[in-house]
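Enquirer: Before I ask anything, let me first share the structure, which is written out below as structure tokens.
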Amino acid sequence: MAVFLVRRLIALLPVLIGVSTVVFFILHLTPGDPAQLMLGDFATQEAVDQLREEMGLNEPLYVQYGLFLGDLAVGDLGRSITQRQPVAQLIGERLAATAELALVAMFFAIIIGLAAGVIAAARQNSITDYVTTAGSLLGISTPIFYLGLLLILLFSLQLGWFPASGRGPALVTSIGQLFQGNPEPLGQSLRYLFLPALTLGLSFAALLAKMTRNTMLEVLQKDFIRTATAKGLRRQFVIFKHALRNAGIPLLTIMGLQFSQLLGGSVLTETVFAWPGLGRLAVDAIFARDFPLVQGAVLTVALIFVLLNLLVDLCYGLLDPRVTYS
Amino acid sequence: MTDIQKGGGPAARARTAQARRKRRLPKAVKRFTSSFNAMLGLAITVFLVLVALFAPLLVHENPYQVDFSKLSQRLEPPGVSSWLGRDNFGRDLFSRIVTGARISLLVGFSAVAAGLTVGSLLGIIAGYFGGFVDEVIMRFNDVLYAFPSILLALALVAALGPSLTNLIAAIALVSVPGFARIMRSSVLQIRDTELVESARSLGARNLRIILRHVLPNSLAPTVALASASMATALLTEAGLSFLGLGVQPPTPSWGGILADGREFLRTAPFVTNFAGIAILLSVVGFNLLGDGIRDAMDPRSKL
């Protein structure tokens, strides 16, 4: 297991270097002088020169690239231009908010999407199947920011049940408070979390429902399902114990690959709900032309995606005892 | 010896394979036309393309400029004078949404066409030549896959500056890996078959083999992916325009109209809703069309 992990981590290196190279060169493609762009048209020449010096823009491109990779290797993402703080620190502050949002969204997505997909596959070509498939198509095709606005319109503006924007106390802190006998912060956290997480979750659930239905239909045609049914096992037992378990690995793989959709969706969801996460940080940084911050945020998101897919590989063993990591 | 007795030499075998491929097409068309979903998708997309093509004839007010005499009618709900109501500058929403269709489809089609060309070329090169070239191209693909597409497009547009061309370039880039992957696997499937071997033994050059044998075989999955990519491209464009980094005002785009309507969600939700419905409808259309083409060409594959 340890050997497998080390080997996989080493195999990640080229991808990570590639990812950082792409980010570096995209942001250095900028036509014109980045320092001038960041400071705006009214900046004095001295200020521009100073920023150029500070950002190392006077060095040749390959030296800049080398320095960038060197800093990256020791976890130094540079300094934000607008906020004058280390990028890594700013990202660290926002990471918890995005993780909280993504995890709760994933929870919604798995409950709704998996259930809908399994039911649709088990009753193929029934009314339930048609309704679920149509719902999933609509969900996949609805822009996530529109879905968010619809939910705000209904649950905040019409019914007034949930706040339309912002974040309550951090979920982890609230859970800690709960154990100390104070349930109030948790309610507050969840009230703010509900709508953005539901938006992100529903849109991922739609995708998950479609993938679950297709994978389950494929597995349900296999011989061992016929054998199980012929043995006289109950339909529910066959579906949950035999089929779902065998659909697990392909589903998990697709979920891992599609996770970047969820991360991408969080950029828009965070903007709609003014959720102070990584995605919003990236968007704000883009508008402020704070390139080191954009670079750091984009890199972090890509890193999360790559690590998550490694985690998915490690989970295969849990689902399928035949998988060994040697 | 038996081969020759069965049906002739390599040339004849290549011809049989081609004939088989030709026979497949009518069946696929039949499967496509008998599927309700596929035909619905086709109807929606044809409708959209017609609206986009004839937009200048449908529009009855200037969708770009603010008419100051109509400023008093701002946020007027749908009615006789304006079918879909007016936006916060008093501009006719119908004219803006119809013109927006033109812009969105233009961005989508151009981006998918560019992504398809570059991606397919990379896929062919990787699959056909294999080895080190394949390794480099596919690792580059993995790298592009590691970014959520909207974030990569955002970073690109941010660096290049928001303009229609840069928007198209950004959306094209994020669609490259999908096409490269599909084309590469099609090439790998056919590269070592007898069909290609016999063509080569007859002296066919690489280019001819690719054009005559490899491309026709990869047409089905590529067309299906192109339609699905159109759906994604429309969503990405809408997302970028919603954030203010896509199509720039006063040019109308569905994402931009939706974002403008956000401030008036309580008093004039129709602005946001009509733009949202336009995006939703077009994405549903291209998704259904893509699924329909894929199912018709290859009834077994479902994912």
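Chain identifiers are assigned as A, B, and so on, following the order in which chains appear in the structure tokens; residues are numbered from 1 within each chain, and ligands are numbered from 1 in order of appearance.
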With 10 Å as the limit and counting only C-alpha atoms, what residues in chain B lie close to chain A? Please list them as number ranges by chain.
Expert: B: 139-152, 154-161, 231-232, 234-236, 238-240, 242-245, 255, 258-259, 262, 265-266, 269, 272-273, 275-277, 279-288, 300-303
Enquirer: Quick one: everything within 10 Å of B:Leu121, counting only C-alpha atoms, minus sequence neighbours fewer than 2 positions away in the same chain. Send it as number ranges by chain.
Expert: B: 115-119, 123-127, 176, 179-180, 183-184
Enquirer: Could you state the separation of atom CA of B:Arg74 and atom CA of B:Glu237 in Å, given to one decimal place?
Expert: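 Taking atom CA of B:Arg74 as the start and atom CA of B:Glu237 as the end point, the length is 26.5 Å.
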Enquirer: Restricting the calculation to only C-alpha atoms: of A:Leu171, A:Ala35, A:Val48, A:Val118, which residue gets closest to A:Ala243?
Expert: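 Of the candidates, the smallest distance to A:Ala243 is held by A:Val118.
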Enquirer: When distances are computed from only C-alpha atoms, which of B:Pro56, B:Gly85, B:Gly90, B:Gly131 shows the smallest separation from B:Leu71?
Expert: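 Ranked by minimum distance to B:Leu71, first place goes to B:Gly90.
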Enquirer: Can you tell me, as a PyMOL selection string, what residues are no more than 7 Å from B:Thr222 when counting only C-alpha atoms, ignoring any on the same chain fewer than 3 positions away?
Expert: chain B and resi 179+182+218-219+225-226
Enquirer: To one decimal place in Å, what is the distance between atom CA of B:Ser34 and atom CA of B:Arg294?
Expert: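 Separating atom CA of B:Ser34 from atom CA of B:Arg294 is a distance of 13.9 Å.
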Enquirer: Do a neighbour search on A:Arg245 at 10 Å with only C-alpha atoms, toss out local chain neighbours closer than 6 positions, and write the hits as JSON, numbers by chain.
Expert: {"A": [216, 219, 238, 239, 251, 319, 320]}
Enquirer: Residues of stretch 82-216 of chain B classed as alpha helix (DSSP H) by DSSP on the backbone are to be reported as a VMD selection string.
Expert: chain B and resid 93 to 129 131 to 145 149 to 160 164 to 191 194 to 201 206 to 209 215 to 216
Enquirer: Just want the 9 Å neighbourhood of B:Ser72, counted on only C-alpha atoms, with same-chain residues fewer than 3 positions away dropped. Output as a list in words.
Expert: Phe68, Ser69, Leu75, Glu76, Phe89 and Gly90 of chain B
Enquirer: For those residues, write N, CA, C and O atoms to a file as a compact mmCIF listing (two decimals), in the first residue's frame.
Expert:
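Listing of again-v2.txt after writing:
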```
# COMPACT_ATOMS: atom_id res chain seq x y z
N PHE B 68 -33.68 56.81 -25.31
CA PHE B 68 -34.00 57.59 -24.10
C PHE B 68 -35.50 57.86 -23.95
O PHE B 68 -35.98 58.06 -22.85
N SER B 69 -36.22 57.81 -25.08
CA SER B 69 -37.66 58.04 -24.98
C SER B 69 -38.35 56.86 -24.29
O SER B 69 -39.48 56.97 -23.81
N LEU B 75 -37.99 48.15 -17.12
CA LEU B 75 -38.50 47.00 -16.37
C LEU B 75 -40.00 46.79 -16.54
O LEU B 75 -40.66 46.24 -15.66
N GLU B 76 -40.52 47.24 -17.68
CA GLU B 76 -41.94 47.01 -17.98
C GLU B 76 -42.16 45.51 -18.18
O GLU B 76 -41.41 44.86 -18.91
N PHE B 89 -32.82 49.37 -18.79
CA PHE B 89 -32.55 50.56 -19.59
C PHE B 89 -33.70 50.83 -20.57
O PHE B 89 -33.57 51.65 -21.46
N GLY B 90 -34.80 50.08 -20.42
CA GLY B 90 -35.94 50.26 -21.31
C GLY B 90 -35.78 49.58 -22.65
O GLY B 90 -36.56 49.81 -23.57
```
Enquirer: Rounded to one decimal in Å, what is the spacing between atom CA of B:Ala170 and atom CA of B:Ile103?
Expert: 15.7 Å
